[in-house]
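Step one of this worksheet: look at the structure below.
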Amino acid sequence: EGAARYANREFSQAALLIIKAAKSPSERIWSIIALNLDAEFFHRMTTRAYVFALTFGIRYNGVLRIYDATHARTIANLAFALRQLVKPEDVRPIANAIWTMIEGAWLLQANQDMNIAKPTLRILADYLKTAVPSFDSSVIQNTDFFPARPQSNR
């Protein structure tokens with residue numbers, strides 16, 4: 001539970017920085033997606049630890065609470081931006097679809113020899129262009145590279 005809290009705190013601090021730096025709803029959405037697939041967090045050891053923590057989270061309420069909070073916070077951050085781009089009835093389904101693709105990538109990465117971040121980014125970019133016609137795809141730039149993250153003042 002302590003390791004899960006630490007990892008969640010590190011990720012949450014990075015997420016807060018990118019969300020504050022986003023200049024548009026589209027940039028906010030893409031930044032959240034890119035952060036979840038950023039090499040700092042999305043590598044085999046971390047994804048394996050994540051799957052391990054989820055496995056134990058079924059039995060330990062403390063770990064499950066951390067996962068539930070992360071899930072709710074990510075959906076809320078995506079939904080906040082999506083509300084400005086899609087019809088109200090489409091906000092939650094699209095936010096949930098994005099989260100499901102990210103979660104799937106994390107589960108798959110735990111068992112992959114190659115990094116699947118780039119193909120996942122391409123899939124999510126295509127999904128956004130289709131599901132959110134008003135999404136400004138210029139914020140994507142190039143799915144081979146991750147956007148620069150603002151640095152904290154620590």
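Scheme for the structure tokens: letters A, B, ... for chains in order shown; per-chain residue numbers from 1; ligand numbers from 1 in order shown.
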Using only C-alpha atoms, find each residue in segment 75-136 of chain A having at least one atom no more than 7 Å away from segment 24-29 of chain A; report its shortest atom-to-atom pair and that distance in Å (one decimal), rows by chain then rising number, as CSV.
residue,atom,partner,partner_atom,distance
A:Leu78,CA,A:Ile29,CA,5.8
A:Ala81,CA,A:Pro25,CA,4.5
A:Leu82,CA,A:Pro25,CA,6.9
A:Gln84,CA,A:Pro25,CA,6.8
A:Phe135,CA,A:Ser26,CA,5.5
A:Asp136,CA,A:Ser26,CA,5.6
Worksheet item: Counting only C-alpha atoms, which of A:Ser138, A:Asn96, A:Asn115, A:Asn77 gets nearest to Met45 of chain A?
Response: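 For Met45 of chain A, the nearest of the given residues is A:Asn115.
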Item to complete: Identify, with DSSP run on backbone atoms, the residues in segment 67-154 of chain A assigned to alpha helix (DSSP H), and express the list as a PyMOL selection string.
Response: chain A and resi 67-82+88-109+117-131
Can I get the selected residues back with C-alpha atoms, as an mmCIF file, in the first residue's frame?
data_model
loop_
_atom_site.group_PDB
_atom_site.id
_atom_site.type_symbol
_atom_site.label_atom_id
_atom_site.label_comp_id
_atom_site.auth_asym_id
_atom_site.auth_seq_id
_atom_site.Cartn_x
_atom_site.Cartn_y
_atom_site.Cartn_z
ATOM 1 C CA TYR A 67 -6.755 2.649 -7.570
ATOM 2 C CA ASP A 68 -10.355 3.908 -7.320
ATOM 3 C CA ALA A 69 -9.147 7.447 -6.557
ATOM 4 C CA THR A 70 -6.743 7.394 -9.515
ATOM 5 C CA HIS A 71 -9.483 6.088 -11.801
ATOM 6 C CA ALA A 72 -12.009 8.695 -10.634
ATOM 7 C CA ARG A 73 -9.503 11.547 -10.877
ATOM 8 C CA THR A 74 -8.413 10.631 -14.408
ATOM 9 C CA ILE A 75 -11.998 10.245 -15.623
ATOM 10 C CA ALA A 76 -12.905 13.597 -14.011
ATOM 11 C CA ASN A 77 -9.936 15.363 -15.633
ATOM 12 C CA LEU A 78 -10.779 13.925 -19.043
ATOM 13 C CA ALA A 79 -14.486 14.701 -18.593
ATOM 14 C CA PHE A 80 -13.740 18.317 -17.642
ATOM 15 C CA ALA A 81 -12.025 18.876 -20.982
ATOM 16 C CA LEU A 82 -14.457 16.748 -22.990
ATOM 17 C CA PRO A 88 -23.058 16.048 -22.587
ATOM 18 C CA GLU A 89 -24.242 12.482 -23.159
ATOM 19 C CA ASP A 90 -20.946 11.634 -24.896
ATOM 20 C CA VAL A 91 -18.597 12.905 -22.165
ATOM 21 C CA ARG A 92 -18.555 9.860 -19.861
ATOM 22 C CA PRO A 93 -18.504 7.184 -22.580
ATOM 23 C CA ILE A 94 -15.550 8.864 -24.320
ATOM 24 C CA ALA A 95 -13.662 9.454 -21.057
ATOM 25 C CA ASN A 96 -14.248 5.816 -20.095
ATOM 26 C CA ALA A 97 -13.086 4.592 -23.516
ATOM 27 C CA ILE A 98 -9.860 6.614 -23.231
ATOM 28 C CA TRP A 99 -9.232 5.307 -19.711
ATOM 29 C CA THR A 100 -9.956 1.732 -20.791
ATOM 30 C CA MET A 101 -7.414 1.962 -23.613
ATOM 31 C CA ILE A 102 -4.799 3.392 -21.244
ATOM 32 C CA GLU A 103 -5.484 0.702 -18.634
ATOM 33 C CA GLY A 104 -5.330 -1.989 -21.299
ATOM 34 C CA ALA A 105 -1.955 -0.678 -22.427
ATOM 35 C CA TRP A 106 -0.666 -0.836 -18.843
ATOM 36 C CA LEU A 107 -1.826 -4.424 -18.464
ATOM 37 C CA LEU A 108 -0.356 -5.441 -21.819
ATOM 38 C CA GLN A 109 2.949 -3.651 -21.197
ATOM 39 C CA ALA A 117 3.428 3.297 -25.861
ATOM 40 C CA LYS A 118 3.842 4.566 -29.436
ATOM 41 C CA PRO A 119 1.251 2.276 -31.025
ATOM 42 C CA THR A 120 -1.129 3.032 -28.168
ATOM 43 C CA LEU A 121 -0.668 6.781 -28.702
ATOM 44 C CA ARG A 122 -1.449 6.331 -32.399
ATOM 45 C CA ILE A 123 -4.606 4.365 -31.605
ATOM 46 C CA LEU A 124 -5.749 6.994 -29.097
ATOM 47 C CA ALA A 125 -4.991 9.804 -31.554
ATOM 48 C CA ASP A 126 -7.127 8.081 -34.200
ATOM 49 C CA TYR A 127 -9.885 7.479 -31.662
ATOM 50 C CA LEU A 128 -9.952 11.147 -30.621
ATOM 51 C CA LYS A 129 -10.109 12.311 -34.230
ATOM 52 C CA THR A 130 -13.138 10.072 -34.775
ATOM 53 C CA ALA A 131 -14.984 10.282 -31.444
#
Worksheet item: What is the atom CA of Asn111 of chain A to atom CA of His43 of chain A distance in Å?
Response: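 These two atoms are separated by 10.7 Å.
Checking A:Leu37, A:Ile32, A:Asp113, A:Val86 one by one against Lys20 of chain A, counting only C-alpha atoms, you find the shortest gap at A:Ile32.
All residues of protein, DNA or RNA that reach within 12 Å of Leu54 of chain A, judged by only C-alpha atoms and not counting those fewer than 5 positions away in the chain, are Glu1, Ala4, Thr47, Arg48, Ala49, Arg59, Tyr60, Asn61, Gly62, Val63, Leu64, Arg65, Ile66, Tyr67, Asp68, Glu103, Trp106 and Leu107 of chain A.
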Next, write the just-selected residues to a file, as a short mmCIF file (atom, residue, chain, number, x, y, z; two decimals), in the first residue's frame, keeping N, CA, C and O atoms as the atom set.
data_model
loop_
_atom_site.label_atom_id
_atom_site.label_comp_id
_atom_site.auth_asym_id
_atom_site.auth_seq_id
_atom_site.Cartn_x
_atom_site.Cartn_y
_atom_site.Cartn_z
N GLU A 1 0.84 -1.20 0.00
CA GLU A 1 0.00 0.00 0.00
C GLU A 1 0.88 1.26 0.00
O GLU A 1 0.59 2.22 -0.69
N ALA A 4 2.23 1.84 -3.46
CA ALA A 4 1.15 2.35 -4.33
C ALA A 4 0.90 3.83 -4.04
O ALA A 4 0.71 4.62 -4.97
N THR A 47 4.87 -1.19 -14.83
CA THR A 47 3.60 -1.80 -15.21
C THR A 47 3.41 -3.15 -14.52
O THR A 47 2.30 -3.48 -14.12
N ARG A 48 4.49 -3.87 -14.33
CA ARG A 48 4.38 -5.14 -13.59
C ARG A 48 4.02 -4.89 -12.12
O ARG A 48 3.20 -5.61 -11.55
N ALA A 49 4.63 -3.90 -11.53
CA ALA A 49 4.30 -3.55 -10.14
C ALA A 49 2.84 -3.12 -10.05
O ALA A 49 2.14 -3.45 -9.08
N ARG A 59 -7.91 -7.77 -2.52
CA ARG A 59 -8.01 -8.22 -1.13
C ARG A 59 -7.74 -7.14 -0.09
O ARG A 59 -8.13 -7.29 1.06
N TYR A 60 -7.05 -6.06 -0.49
CA TYR A 60 -6.66 -5.04 0.47
C TYR A 60 -7.33 -3.71 0.10
O TYR A 60 -7.02 -3.11 -0.91
N ASN A 61 -8.22 -3.29 0.97
CA ASN A 61 -9.01 -2.10 0.68
C ASN A 61 -8.18 -0.84 0.50
O ASN A 61 -8.55 0.04 -0.27
N GLY A 62 -7.05 -0.73 1.18
CA GLY A 62 -6.20 0.46 1.04
C GLY A 62 -5.68 0.62 -0.38
O GLY A 62 -5.71 1.71 -0.95
N VAL A 63 -5.23 -0.47 -0.98
CA VAL A 63 -4.72 -0.43 -2.35
C VAL A 63 -5.87 -0.17 -3.31
O VAL A 63 -5.75 0.62 -4.25
N LEU A 64 -7.00 -0.81 -3.07
CA LEU A 64 -8.17 -0.62 -3.93
C LEU A 64 -8.65 0.83 -3.89
O LEU A 64 -9.02 1.39 -4.92
N ARG A 65 -8.60 1.47 -2.73
CA ARG A 65 -8.99 2.89 -2.61
C ARG A 65 -8.07 3.78 -3.45
O ARG A 65 -8.52 4.72 -4.10
N ILE A 66 -6.78 3.48 -3.45
CA ILE A 66 -5.82 4.25 -4.25
C ILE A 66 -6.16 4.10 -5.74
O ILE A 66 -6.21 5.09 -6.48
N TYR A 67 -6.39 2.87 -6.17
CA TYR A 67 -6.76 2.65 -7.57
C TYR A 67 -8.06 3.38 -7.91
O TYR A 67 -8.14 4.04 -8.95
N ASP A 68 -9.07 3.25 -7.06
CA ASP A 68 -10.36 3.91 -7.32
C ASP A 68 -10.20 5.42 -7.40
O ASP A 68 -10.82 6.08 -8.25
N GLU A 103 -5.60 1.82 -19.58
CA GLU A 103 -5.48 0.70 -18.63
C GLU A 103 -5.08 -0.58 -19.35
O GLU A 103 -4.24 -1.33 -18.86
N TRP A 106 -1.46 -0.55 -20.04
CA TRP A 106 -0.67 -0.84 -18.84
C TRP A 106 -0.64 -2.34 -18.57
O TRP A 106 0.41 -2.90 -18.23
N LEU A 107 -1.78 -2.98 -18.71
CA LEU A 107 -1.83 -4.42 -18.46
C LEU A 107 -1.02 -5.19 -19.51
O LEU A 107 -0.28 -6.12 -19.18
#
